[in-house]
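A.B. asks: Sharing query-v1.cif, mmCIF, C-alpha atoms:
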```
data_query
loop_
_atom_site.group_PDB
_atom_site.id
_atom_site.type_symbol
_atom_site.label_atom_id
_atom_site.label_comp_id
_atom_site.auth_asym_id
_atom_site.auth_seq_id
_atom_site.Cartn_x
_atom_site.Cartn_y
_atom_site.Cartn_z
ATOM 1 C CA ASN A 4 -91.404 -123.641 107.974
ATOM 2 C CA PHE A 5 -92.463 -120.762 105.734
ATOM 3 C CA ASP A 6 -90.418 -118.435 103.561
ATOM 4 C CA VAL A 7 -90.572 -114.740 104.440
ATOM 5 C CA SER A 8 -87.126 -113.978 102.997
ATOM 6 C CA GLU A 9 -86.279 -111.653 100.145
ATOM 7 C CA THR A 10 -86.466 -114.629 97.746
ATOM 8 C CA SER A 11 -90.201 -114.994 98.379
ATOM 9 C CA SER A 12 -92.698 -113.263 96.112
ATOM 10 C CA THR A 13 -95.452 -113.311 98.764
ATOM 11 C CA PRO A 14 -93.889 -113.155 102.246
ATOM 12 C CA GLY A 15 -97.059 -111.873 103.933
ATOM 13 C CA GLU A 16 -99.212 -114.572 102.395
ATOM 14 C CA ASN A 17 -96.575 -117.154 103.315
ATOM 15 C CA LEU A 18 -96.568 -115.948 106.929
ATOM 16 C CA VAL A 19 -100.351 -116.144 107.285
ATOM 17 C CA ASN A 20 -100.708 -119.480 105.475
ATOM 18 C CA GLY A 21 -97.713 -120.882 107.341
ATOM 19 C CA PHE A 22 -99.270 -120.141 110.721
ATOM 20 C CA ILE A 23 -102.636 -121.524 109.647
ATOM 21 C CA ASP A 24 -101.206 -124.705 108.105
ATOM 22 C CA THR A 25 -98.899 -125.348 111.066
ATOM 23 C CA THR A 26 -101.690 -124.812 113.598
ATOM 24 C CA VAL A 27 -104.100 -127.106 111.743
ATOM 25 C CA THR A 28 -101.413 -129.790 111.397
ATOM 26 C CA LEU A 29 -100.504 -129.613 115.095
ATOM 27 C CA GLY A 30 -104.198 -129.807 115.956
ATOM 28 C CA LYS A 31 -104.446 -133.056 113.993
ATOM 29 C CA ILE A 32 -101.247 -134.529 115.431
ATOM 30 C CA PHE A 33 -102.237 -133.843 119.037
ATOM 31 C CA ASP A 34 -105.967 -134.445 118.581
ATOM 32 C CA LYS A 35 -106.710 -130.791 119.370
ATOM 33 C CA ASN A 36 -108.692 -129.952 116.238
ATOM 34 C CA ASP A 37 -111.234 -127.748 118.027
ATOM 35 C CA GLU A 38 -108.509 -125.704 119.723
ATOM 36 C CA ALA A 39 -106.603 -125.359 116.449
ATOM 37 C CA THR A 40 -109.752 -124.275 114.610
ATOM 38 C CA GLN A 41 -110.424 -121.639 117.280
ATOM 39 C CA LEU A 42 -106.834 -120.337 117.122
ATOM 40 C CA VAL A 43 -107.042 -120.027 113.339
ATOM 41 C CA ALA A 44 -110.385 -118.192 113.614
ATOM 42 C CA ASP A 45 -108.946 -115.837 116.255
ATOM 43 C CA PHE A 46 -105.870 -115.262 114.069
ATOM 44 C CA GLU A 47 -107.933 -114.449 110.966
ATOM 45 C CA THR A 48 -110.219 -112.142 112.969
ATOM 46 C CA ALA A 49 -107.227 -110.345 114.496
ATOM 47 C CA ILE A 50 -105.756 -109.783 111.018
ATOM 48 C CA ASP A 51 -109.059 -108.503 109.623
ATOM 49 C CA GLU A 52 -109.532 -106.115 112.548
ATOM 50 C CA ALA A 53 -105.964 -104.768 112.340
ATOM 51 C CA LYS A 54 -106.324 -104.280 108.586
ATOM 52 C CA ALA A 55 -109.642 -102.448 109.053
ATOM 53 C CA ALA A 56 -108.208 -100.226 111.808
ATOM 54 C CA TYR A 57 -105.267 -99.029 109.657
ATOM 55 C CA ASN A 58 -106.270 -95.995 107.587
ATOM 56 C CA SER A 59 -104.065 -96.984 104.597
ATOM 57 C CA THR A 60 -102.460 -93.554 104.306
ATOM 58 C CA ASP A 61 -100.344 -93.262 107.455
ATOM 59 C CA THR A 62 -96.733 -94.206 106.859
ATOM 60 C CA ILE A 63 -95.085 -96.969 108.833
ATOM 61 C CA MET A 64 -91.480 -97.440 109.939
ATOM 62 C CA SER A 65 -90.492 -100.762 111.460
ATOM 63 C CA VAL A 66 -87.351 -101.183 113.521
ATOM 64 C CA ILE A 67 -85.517 -103.766 115.579
ATOM 65 C CA VAL A 68 -83.813 -102.553 118.753
ATOM 66 C CA SER A 69 -80.903 -104.706 119.870
ATOM 67 C CA GLY A 70 -78.073 -103.890 122.257
ATOM 68 C CA GLY A 71 -79.164 -100.282 122.484
ATOM 69 C CA GLU A 72 -79.034 -99.805 118.704
ATOM 70 C CA ILE A 73 -81.920 -99.115 116.326
ATOM 71 C CA GLY A 74 -81.902 -101.190 113.126
ATOM 72 C CA PHE A 75 -84.180 -100.755 110.117
ATOM 73 C CA ALA A 76 -86.612 -103.650 109.578
ATOM 74 C CA ALA A 77 -87.322 -103.606 105.862
ATOM 75 C CA PRO A 78 -90.883 -103.727 104.517
ATOM 76 C CA LEU A 79 -92.117 -107.062 103.126
ATOM 77 C CA TYR A 80 -89.374 -109.465 104.216
ATOM 78 C CA GLY A 81 -87.854 -110.870 107.372
ATOM 79 C CA ARG A 82 -89.106 -111.542 110.839
ATOM 80 C CA VAL A 83 -92.197 -110.027 112.412
ATOM 81 C CA TRP A 84 -92.753 -106.602 110.820
ATOM 82 C CA GLY A 85 -91.651 -107.058 107.208
ATOM 83 C CA PRO A 86 -94.418 -109.427 106.044
ATOM 84 C CA LEU A 87 -97.058 -107.337 107.828
ATOM 85 C CA TYR A 88 -96.682 -104.598 105.197
ATOM 86 C CA GLU A 89 -98.243 -107.021 102.709
ATOM 87 C CA VAL A 90 -100.699 -108.577 105.179
ATOM 88 C CA LEU A 91 -102.094 -105.261 106.443
ATOM 89 C CA GLY A 92 -101.512 -103.064 103.394
ATOM 90 C CA TRP A 93 -99.103 -100.719 105.190
ATOM 91 C CA THR A 94 -97.446 -97.785 103.447
ATOM 92 C CA ALA A 95 -93.703 -97.713 104.149
ATOM 93 C CA SER A 96 -92.183 -94.402 105.200
ATOM 94 C CA LEU A 97 -88.783 -95.452 103.854
ATOM 95 C CA GLU A 98 -87.758 -97.768 101.030
ATOM 96 C CA VAL A 99 -84.122 -98.853 100.935
ATOM 97 C CA ASP A 100 -82.387 -100.878 98.230
ATOM 98 C CA ASP A 101 -80.505 -104.060 99.128
ATOM 99 C CA THR A 102 -82.105 -104.639 102.508
ATOM 100 C CA SER A 103 -81.971 -107.999 104.218
ATOM 101 C CA SER A 104 -84.092 -110.120 106.492
ATOM 102 C CA ASP A 105 -81.330 -109.960 109.127
ATOM 103 C CA HIS A 106 -82.520 -110.646 112.658
ATOM 104 C CA GLN A 107 -80.889 -107.451 113.973
ATOM 105 C CA GLY A 108 -82.240 -105.179 111.255
ATOM 106 C CA ASP A 109 -80.314 -103.327 108.592
ATOM 107 C CA ASP A 110 -77.796 -100.631 109.363
ATOM 108 C CA ILE A 111 -79.688 -97.476 108.420
ATOM 109 C CA SER A 112 -78.950 -94.277 110.304
ATOM 110 C CA VAL A 113 -81.452 -93.049 112.855
ATOM 111 C CA GLU A 114 -81.280 -89.729 111.017
ATOM 112 C CA ALA A 115 -82.509 -91.416 107.813
ATOM 113 C CA ILE A 116 -85.329 -92.979 109.792
ATOM 114 C CA ALA A 117 -86.176 -89.566 111.270
ATOM 115 C CA GLN A 118 -86.014 -87.876 107.867
ATOM 116 C CA SER A 119 -88.653 -90.288 106.558
ATOM 117 C CA ASN A 120 -90.941 -88.875 109.313
ATOM 118 C CA PRO A 121 -93.160 -91.929 109.831
ATOM 119 C CA ASP A 122 -96.644 -91.561 111.256
ATOM 120 C CA TRP A 123 -96.123 -94.851 113.114
ATOM 121 C CA ILE A 124 -93.058 -96.706 114.386
ATOM 122 C CA MET A 125 -93.324 -100.455 114.957
ATOM 123 C CA VAL A 126 -90.668 -101.823 117.308
ATOM 124 C CA LEU A 127 -89.346 -105.324 117.903
ATOM 125 C CA ASP A 128 -87.318 -105.271 121.130
ATOM 126 C CA ARG A 129 -84.936 -108.112 120.403
ATOM 127 C CA ASP A 130 -83.453 -107.989 123.896
ATOM 128 C CA ALA A 131 -86.786 -108.035 125.776
ATOM 129 C CA SER A 132 -87.093 -111.814 125.657
ATOM 130 C CA VAL A 133 -83.574 -112.185 127.027
ATOM 131 C CA ALA A 134 -83.619 -109.142 129.319
ATOM 132 C CA SER A 135 -80.875 -110.472 131.542
ATOM 133 C CA SER A 136 -78.438 -110.050 128.647
ATOM 134 C CA GLU A 137 -75.552 -107.768 129.433
ATOM 135 C CA GLY A 138 -75.847 -104.460 127.622
ATOM 136 C CA SER A 139 -79.558 -104.870 127.081
ATOM 137 C CA VAL A 140 -81.444 -101.589 127.100
ATOM 138 C CA PRO A 141 -85.251 -101.561 126.840
ATOM 139 C CA ALA A 142 -86.340 -100.526 123.355
ATOM 140 C CA ALA A 143 -88.670 -97.872 124.784
ATOM 141 C CA ASP A 144 -85.656 -96.193 126.435
ATOM 142 C CA VAL A 145 -83.663 -96.332 123.194
ATOM 143 C CA ILE A 146 -86.536 -94.852 121.159
ATOM 144 C CA ASP A 147 -87.467 -92.231 123.793
ATOM 145 C CA ASN A 148 -83.846 -91.118 124.255
ATOM 146 C CA SER A 149 -83.005 -90.835 120.561
ATOM 147 C CA GLN A 150 -82.559 -87.131 119.911
ATOM 148 C CA ALA A 151 -82.840 -87.701 116.155
ATOM 149 C CA LEU A 152 -86.382 -89.051 116.547
ATOM 150 C CA GLN A 153 -87.810 -86.334 118.813
ATOM 151 C CA ASN A 154 -89.491 -84.354 115.999
ATOM 152 C CA VAL A 155 -90.870 -87.395 114.183
ATOM 153 C CA THR A 156 -94.673 -87.542 113.944
ATOM 154 C CA ALA A 157 -94.811 -91.045 115.450
ATOM 155 C CA ILE A 158 -92.953 -89.862 118.556
ATOM 156 C CA LYS A 159 -94.800 -86.565 118.926
ATOM 157 C CA GLU A 160 -98.183 -88.302 118.537
ATOM 158 C CA ALA A 161 -97.205 -91.276 120.766
ATOM 159 C CA GLN A 162 -97.787 -93.649 117.839
ATOM 160 C CA VAL A 163 -95.175 -96.267 118.670
ATOM 161 C CA VAL A 164 -96.218 -99.917 118.907
ATOM 162 C CA TYR A 165 -94.012 -102.511 120.584
ATOM 163 C CA ALA A 166 -94.241 -106.191 119.717
ATOM 164 C CA PRO A 167 -94.927 -108.440 122.722
ATOM 165 C CA ASN A 168 -91.764 -108.843 124.825
ATOM 166 C CA ASP A 169 -91.270 -112.507 123.943
ATOM 167 C CA THR A 170 -91.740 -112.076 120.196
ATOM 168 C CA TYR A 171 -88.082 -112.575 119.276
ATOM 169 C CA THR A 172 -87.996 -116.023 120.890
ATOM 170 C CA ASN A 173 -91.668 -116.963 120.470
ATOM 171 C CA GLU A 174 -93.040 -116.183 117.033
ATOM 172 C CA SER A 175 -96.177 -118.268 117.512
ATOM 173 C CA ILE A 176 -99.696 -117.819 116.201
ATOM 174 C CA GLN A 177 -100.691 -116.706 119.716
ATOM 175 C CA THR A 178 -97.951 -114.055 119.711
ATOM 176 C CA PHE A 179 -99.170 -112.742 116.368
ATOM 177 C CA ILE A 180 -102.786 -112.679 117.574
ATOM 178 C CA GLU A 181 -101.606 -110.537 120.501
ATOM 179 C CA LEU A 182 -99.595 -108.350 118.117
ATOM 180 C CA PHE A 183 -102.504 -107.850 115.694
ATOM 181 C CA ASN A 184 -104.813 -107.003 118.612
ATOM 182 C CA SER A 185 -102.288 -104.418 119.859
ATOM 183 C CA LEU A 186 -102.139 -102.891 116.380
ATOM 184 C CA THR A 187 -105.936 -102.718 116.194
ATOM 185 C CA GLU A 188 -106.057 -100.963 119.551
ATOM 186 C CA ALA A 189 -103.311 -98.503 118.575
ATOM 187 C CA PHE A 190 -104.775 -97.695 115.146
ATOM 188 C CA SER A 191 -108.240 -97.227 116.665
ATOM 189 C CA LYS A 192 -107.240 -94.431 119.041
#
```
As structure tokens - that is how I would like this structure written.

C.D. replies:
Amino acid sequence: NFDVSETSSTPGENLVNGFIDTTVTLGKIFDKNDEATQLVADFETAIDEAKAAYNSTDTIMSVIVSGGEIGFAAPLYGRVWGPLYEVLGWTASLEVDDTSSDHQGDDISVEAIAQSNPDWIMVLDRDASVASSEGSVPAADVIDNSQALQNVTAIKEAQVVYAPNDTYTNESIQTFIELFNSLTEAFSK
């Protein structure tokens, strides 16, 4: 278990080292050292490629969509997106005091998100992994149908990246490899 909460001084480093340490340990336990070594190498390569593909000046907004609502996913802390600001050197489009690492995101208005005019929007669709949930609306529909976001650079330039559908329930090293590869592909266009 690794700390990516607001009490951590290095949530990105903790995320990366946590995945590596856990994978190596599981490789030893299950006598799968070669597979674990390959996963770690793939993970480190995926991080390096995503970091190299990001131009370091574009601004990033990360959100969590849940139950048809858009929540702000704060830079640095929390699940999925927060630690990636440190890992990949992202520039946040919006900084908010007193944010949390809440699994549904913080309650920041969509208008405030739009006003920050991010170059990129990173989306965790919390409902995607439990799509049969009542009231679940695909994140892409929520983002696409948000009138407040229509003039945002990320929307106009089609620079929206969605985490793999199972991310909310499967935050594994393999999921993050897939996520980093998606980011590399998106940033390289």

A.B. asks: Within 9 Å of (-98.9, -108.5, 109.5) (coordinates as in the file), grab all the protein and nucleic acid residues, counting only C-alpha atoms, and write them out as a count of residues only.

C.D. replies: 20

A.B. asks: Might you pull out every residue within 8 Å of Tyr165 in chain A, with all atoms listed in the file counted and same-chain residues fewer than 2 positions away left off, and present them as an mmCIF file with C-alpha atoms, in the frame of the given file?

C.D. replies:
```cif
data_model
loop_
_atom_site.group_PDB
_atom_site.id
_atom_site.type_symbol
_atom_site.label_atom_id
_atom_site.label_comp_id
_atom_site.auth_asym_id
_atom_site.auth_seq_id
_atom_site.Cartn_x
_atom_site.Cartn_y
_atom_site.Cartn_z
ATOM 1 C CA MET A 125 -93.324 -100.455 114.957
ATOM 2 C CA VAL A 126 -90.668 -101.823 117.308
ATOM 3 C CA LEU A 127 -89.346 -105.324 117.903
ATOM 4 C CA ASP A 128 -87.318 -105.271 121.130
ATOM 5 C CA VAL A 163 -95.175 -96.267 118.670
ATOM 6 C CA PRO A 167 -94.927 -108.440 122.722
ATOM 7 C CA ASN A 168 -91.764 -108.843 124.825
#
```

A.B. asks: With all atoms listed in the file as the counted atoms, please give the residues lying no more than 9 Å from Glu52 in chain A, apart from itself and same-chain residues fewer than 5 positions off, as a VMD selection string.

C.D. replies: chain A and resid 47 57 183 to 184 186 to 187

A.B. asks: Please report the interatomic distance between CA of Thr48 in chain A and CA of Lys31 in chain A in Å with one decimal.

C.D. replies: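 These atoms are spaced 21.7 Å apart.
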
A.B. asks: On this file, the PyMOL selection byres ((chain A and resi 145) around 10) gives some set of residues; write that set as a VMD selection string.

C.D. replies: chain A and resid 68 to 73 128 140 to 144 146 to 150

A.B. asks: Between CA of Ala76 in chain A and CA of Ala157 in chain A, what is the spacing in Å?

C.D. replies: 16.1 Å

A.B. asks: Find the spatial neighbours of range 7-12 of chain A, counting only C-alpha atoms, within a cut-off of 8 Å - ignore same-chain residues fewer than 2 positions away - and output them as a list in words.

C.D. replies: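 Listing them by chain and then by number gives Phe5, Pro14, Gly15, Asn17, Leu18, Leu79, Tyr80, Gly81, Arg82, Pro86, Ser103 and Ser104 of chain A.
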
A.B. asks: Grab the CA of Pro78 in chain A to CA of Gln41 in chain A distance for me, in Å with one decimal place.

C.D. replies: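 CA of Gln41 in chain A lies at a distance of 29.4 Å from CA of Pro78 in chain A.
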
A.B. asks: Identify, on the basis of all atoms listed in the file, every residue whose closest approach to Ala95 in chain A does not exceed 9 Å; exclude the query and any residue fewer than 2 positions from it along the same chain; express the result as JSON, numbers by chain.

C.D. replies: {"A": [61, 62, 63, 64, 65, 77, 78, 88, 93, 97, 98, 121]}

A.B. asks: Could you check which of A:Val27, A:Asp45, A:Asp122, A:Asp37 is closest to Ser59 in chain A, using all atoms listed in the file?

C.D. replies: A:Asp122

A.B. asks: Under the rule that all atoms listed in the file are counted, which of A:Ser96, A:Asn20, A:Thr26, A:Ser185 is the nearest residue to Leu42 in chain A?

C.D. replies: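 Of all the options, A:Thr26 lies closest to Leu42 in chain A.
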
A.B. asks: Counting only C-alpha atoms, find residues at most 10 Å from (-80.0, -96.4, 110.3) (file frame) and give them as a list in words.

C.D. replies: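 Within the cut-off we find Val66, Glu72, Ile73, Gly74, Phe75, Ala76, Gly108, Asp109, Asp110, Ile111, Ser112, Val113, Glu114, Ala115, Ile116 and Ala117 of chain A.
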
A.B. asks: Given the choices A:Ile124, A:Phe190, A:Glu16, A:Ile67, which gets closest to Thr170 in chain A if the distance is worked out from only C-alpha atoms?

C.D. replies: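 Of A:Ile124, A:Phe190, A:Glu16, A:Ile67, the one nearest Thr170 in chain A, counting only C-alpha atoms, is A:Ile67.
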
A.B. asks: May I have the centre and edge lengths, in Å to one decimal, of an axis-aligned box around the listed atoms of range 162-177 of chain A with 5 Å added to every side, as JSON?

C.D. replies:
```
{"center_x": -94.3, "center_y": -106.0, "center_z": 120.5, "size_x": 22.7, "size_y": 34.6, "size_z": 18.6}
```
